[in-house]
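Asker: My structure is stored as final-v1.txt, with compact mmCIF, C-alpha atoms.
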```
# COMPACT_ATOMS: atom_id res chain seq x y z
CA MET N 21 -8.46 -0.34 -9.02
CA ASP N 22 -8.54 0.31 -12.75
CA THR N 23 -4.76 0.77 -12.88
CA LEU N 24 -3.97 -2.59 -11.29
CA PRO N 25 -3.44 -5.72 -13.38
CA SER N 26 -6.10 -8.40 -12.76
CA SER N 27 -3.72 -10.44 -10.64
CA GLU N 28 -3.34 -7.51 -8.23
CA ILE N 29 -7.00 -6.75 -7.59
CA PHE N 30 -7.66 -6.58 -3.88
CA TYR N 31 -11.18 -7.49 -2.74
CA ALA N 32 -11.95 -6.06 0.71
CA GLY N 33 -15.17 -5.77 2.68
CA GLN N 34 -18.41 -7.67 2.83
CA PHE N 35 -21.64 -6.94 1.02
CA ARG N 36 -25.16 -8.33 0.86
CA HIS N 37 -26.65 -8.73 -2.57
CA SER N 38 -29.46 -10.83 -4.01
CA ILE N 39 -29.24 -13.44 -6.71
CA ASP N 40 -31.97 -12.78 -9.26
CA ASP N 41 -34.18 -15.38 -10.96
CA LYS N 42 -31.57 -15.76 -13.75
CA ASN N 43 -28.84 -16.59 -11.18
CA ARG N 44 -27.15 -13.23 -11.66
CA ILE N 45 -25.43 -11.41 -8.85
CA THR N 46 -24.18 -7.85 -9.02
CA ILE N 47 -20.54 -7.50 -8.09
CA PRO N 48 -20.04 -4.57 -5.69
CA ALA N 49 -19.06 -1.37 -7.52
CA ARG N 50 -15.79 -1.12 -5.55
CA TRP N 51 -14.72 -4.48 -6.95
CA ARG N 52 -15.61 -3.79 -10.58
CA ARG N 53 -13.70 -2.51 -13.54
CA ASP N 54 -15.18 -0.43 -16.35
CA LYS N 55 -15.09 -3.32 -18.84
CA SER N 56 -16.48 -6.81 -18.53
CA GLN N 57 -14.43 -9.10 -16.29
CA GLN N 58 -13.58 -12.78 -16.62
CA PHE N 59 -13.68 -15.03 -13.56
CA ILE N 60 -13.11 -18.60 -12.49
CA LEU N 61 -15.83 -19.96 -10.19
CA LEU N 62 -14.96 -22.78 -7.83
CA PRO N 63 -16.92 -24.29 -4.95
CA GLU N 64 -14.87 -24.36 -1.76
CA ALA N 65 -13.65 -27.88 -0.94
CA ASN N 66 -16.36 -28.45 1.72
CA HIS N 67 -19.06 -26.66 -0.32
CA GLN N 68 -19.43 -23.89 2.26
CA PHE N 69 -19.11 -21.06 -0.28
CA LEU N 70 -18.26 -20.22 -3.88
CA LEU N 71 -14.79 -18.86 -4.67
CA VAL N 72 -14.60 -16.22 -7.41
CA MET N 73 -11.22 -15.20 -8.82
CA SER N 74 -9.56 -13.89 -11.94
CA PRO N 75 -8.06 -16.43 -14.35
CA GLN N 76 -4.64 -15.05 -13.36
CA GLU N 77 -5.29 -15.71 -9.67
CA PHE N 78 -6.51 -19.21 -10.52
CA ALA N 79 -3.35 -19.84 -12.58
CA ARG N 80 -1.22 -18.58 -9.67
CA MET N 81 -3.03 -20.94 -7.29
CA SER N 82 -2.55 -23.86 -9.71
CA ALA N 83 1.15 -23.07 -10.02
CA VAL N 84 1.56 -23.14 -6.24
CA ALA N 85 -0.03 -26.60 -6.13
CA GLU N 86 2.17 -27.78 -9.01
CA SER N 87 5.38 -26.71 -7.31
CA ASP N 88 4.73 -27.53 -3.64
CA PRO N 89 7.37 -30.08 -2.60
CA ASN N 90 5.16 -31.29 0.27
CA VAL N 91 2.62 -32.78 -2.15
CA SER N 92 3.39 -36.11 -3.78
CA ALA N 93 3.28 -36.40 -7.58
CA ARG N 94 0.18 -38.61 -7.40
CA ASP N 95 -1.67 -36.27 -5.01
CA ARG N 96 -0.68 -33.32 -7.19
CA ARG N 97 -2.17 -34.97 -10.30
CA VAL N 98 -5.37 -35.86 -8.47
CA PHE N 99 -5.70 -32.41 -6.91
CA LEU N 100 -5.11 -30.56 -10.17
CA ARG N 101 -7.54 -32.81 -12.05
CA GLN N 102 -10.19 -32.21 -9.39
CA LEU N 103 -9.43 -28.49 -9.15
CA HIS N 104 -9.79 -27.91 -12.87
CA SER N 105 -12.82 -30.17 -13.31
CA ARG N 106 -14.72 -28.44 -10.48
CA SER N 107 -14.04 -24.91 -11.72
CA GLN N 108 -16.07 -23.03 -14.30
CA HIS N 109 -15.58 -19.88 -16.33
CA GLY N 110 -17.78 -16.88 -15.64
CA ALA N 111 -17.98 -13.33 -16.91
CA ALA N 112 -19.48 -10.15 -15.55
CA ASP N 113 -21.35 -7.99 -18.02
CA ARG N 114 -20.99 -4.20 -18.33
CA GLN N 115 -23.48 -3.73 -15.48
CA GLY N 116 -21.27 -5.84 -13.22
CA ARG N 117 -23.60 -8.83 -13.10
CA LEU N 118 -22.08 -12.28 -12.87
CA VAL N 119 -24.15 -15.31 -13.91
CA LEU N 120 -23.73 -18.17 -11.46
CA PRO N 121 -24.22 -21.69 -12.86
CA GLU N 122 -27.29 -23.38 -11.39
CA GLU N 123 -25.33 -26.49 -10.38
CA LEU N 124 -22.86 -24.42 -8.35
CA CYS N 125 -25.68 -22.47 -6.68
CA GLN N 126 -27.33 -25.74 -5.65
CA LYS N 127 -24.05 -27.30 -4.49
CA VAL N 128 -23.25 -24.34 -2.23
CA GLY N 129 -26.82 -23.42 -1.27
CA LEU N 130 -26.95 -20.00 -2.91
CA LYS N 131 -30.37 -18.45 -3.42
CA GLY N 132 -31.91 -15.07 -2.68
CA GLU N 133 -29.83 -12.80 -0.47
CA VAL N 134 -26.16 -13.81 -0.16
CA ALA N 135 -22.97 -12.39 1.34
CA LEU N 136 -20.03 -11.39 -0.85
CA VAL N 137 -16.88 -11.51 1.25
CA GLY N 138 -13.56 -10.02 0.18
CA GLY N 139 -10.46 -12.17 0.37
CA ARG N 140 -7.43 -10.42 -1.11
CA GLY N 141 -7.13 -11.58 -4.76
CA ARG N 142 -10.47 -13.38 -4.75
CA PHE N 143 -13.86 -13.12 -3.14
CA GLU N 144 -16.36 -15.56 -1.74
CA ILE N 145 -20.12 -15.84 -2.20
CA TRP N 146 -21.83 -17.33 0.85
CA ASN N 147 -25.32 -18.47 1.71
CA LEU N 148 -26.26 -15.64 4.10
CA GLN N 149 -27.13 -17.88 7.05
CA ARG N 150 -23.92 -19.90 6.67
CA TRP N 151 -21.92 -16.66 6.50
CA LYS N 152 -23.52 -15.34 9.69
CA ARG N 153 -22.65 -18.59 11.51
CA ALA N 154 -19.08 -18.71 10.14
CA HIS N 155 -18.51 -15.04 10.96
CA GLU N 156 -19.72 -15.58 14.52
CA GLU N 157 -17.70 -18.79 14.98
CA GLU N 158 -14.53 -17.25 13.49
CA THR N 159 -14.62 -13.99 15.47
CA PRO N 160 -12.68 -15.36 18.50
CA THR N 161 -9.92 -16.61 16.19
CA TYR N 162 -9.79 -13.22 14.45
CA GLN N 163 -9.59 -11.45 17.81
CA HIS N 164 -6.85 -13.79 19.05
CA VAL N 165 -4.66 -13.35 15.95
CA ALA N 166 -5.31 -9.56 15.98
CA ASN N 167 -3.96 -9.46 19.54
CA VAL N 168 -0.96 -11.66 18.66
CA ILE N 169 0.08 -9.43 15.72
CA GLY N 170 -0.65 -6.19 17.60
CA LEU N 171 -3.62 -5.03 15.54
```
Just give me the structure of the file as structure tokens.
Answerer:
Amino acid sequence: MDTLPSSEIFYAGQFRHSIDDKNRITIPARWRRDKSQQFILLPEANHQFLLVMSPQEFARMSAVAESDPNVSARDRRVFLRQLHSRSQHGAADRQGRLVLPEELCQKVGLKGEVALVGGRGRFEIWNLQRWKRAHEEETPTYQHVANVIGL
């Protein structure tokens, strides 16, 4: 991964880690770089999980919203205002620990053991019980699409 630009990092897999009493979570070694990493933290729209992505991935996502012809100018302004106001900067230290803001942890229900779930250019941090339920509920859809695409 060290040779890929930040915008091309690929997060795959799922891991269980614990949030410590200082709201730090260790990013899985496979997902880390040697130096400290910068992230944008954003609660998912329905507050089911916390999205974690590089600033480049966040900028790419913002650009998609800015240029989508299916979104009206008013809705675009509102969405972008809300998107940027709900996001926060974060950084992982040299040990790969990311400090999660208390308000985001409360909003998404993160405490103790959590699930880190890969998602291409970003990853998600889930309350472990919510993740177990979502994983179970989403398995039939995964199996259906896997069959449709011949996986």
Asker: Considering all atoms listed in the file, can you say which of N:Trp146, N:Phe69, N:Phe59, N:Phe99 comes closest to Phe35 (chain N)?
Answerer: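 The closest residue to Phe35 (chain N) is N:Trp146.
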Asker: Which residue, N:Met73, N:Val91, N:Val168, N:Ile45, has the smallest gap to Cys125 (chain N) when you use all atoms listed in the file?
Answerer: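 Closest candidate: N:Ile45.
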Asker: List as a list in words: which residues have an atom within 10 Å of (-29.1, -10.5, -3.7), counting all atoms listed in the file?
Answerer: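 So the residues meeting the distance criterion are Phe35, Arg36, His37, Ser38, Ile39, Asp40, Asn43, Arg44, Ile45, Thr46, Leu130, Lys131, Gly132, Glu133, Val134, Ala135, Leu136 and Leu148 of chain N.
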Asker: Could you save the residues just selected, with C-alpha atoms, as a short mmCIF file (atom, residue, chain, number, x, y, z; two decimals), in the frame of the given file?
Answerer:
```
data_model
loop_
_atom_site.label_atom_id
_atom_site.label_comp_id
_atom_site.auth_asym_id
_atom_site.auth_seq_id
_atom_site.Cartn_x
_atom_site.Cartn_y
_atom_site.Cartn_z
CA PHE N 35 -21.64 -6.94 1.02
CA ARG N 36 -25.16 -8.33 0.86
CA HIS N 37 -26.65 -8.73 -2.57
CA SER N 38 -29.46 -10.83 -4.01
CA ILE N 39 -29.24 -13.44 -6.71
CA ASP N 40 -31.97 -12.78 -9.26
CA ASN N 43 -28.84 -16.59 -11.18
CA ARG N 44 -27.15 -13.23 -11.66
CA ILE N 45 -25.43 -11.41 -8.85
CA THR N 46 -24.18 -7.85 -9.02
CA LEU N 130 -26.95 -20.00 -2.91
CA LYS N 131 -30.37 -18.45 -3.42
CA GLY N 132 -31.91 -15.07 -2.68
CA GLU N 133 -29.83 -12.80 -0.47
CA VAL N 134 -26.16 -13.81 -0.16
CA ALA N 135 -22.97 -12.39 1.34
CA LEU N 136 -20.03 -11.39 -0.85
CA LEU N 148 -26.26 -15.64 4.10
#
```
Asker: My list of candidates is N:Gly116, N:Gln68, N:Pro121, N:Leu100. Which is closest to Met81 (chain N) when distances are computed with only C-alpha atoms?
Answerer: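 Ranking N:Gly116, N:Gln68, N:Pro121, N:Leu100 by distance to Met81 (chain N), first place goes to N:Leu100.
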Asker: Counting all atoms listed in the file, which residue out of N:Gln76, N:Asn147, N:Gln34, N:Gln57 sits closest to Leu118 (chain N)?
Answerer: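 When distances to Leu118 (chain N) are compared using all atoms listed in the file, the smallest one comes from N:Gln57.
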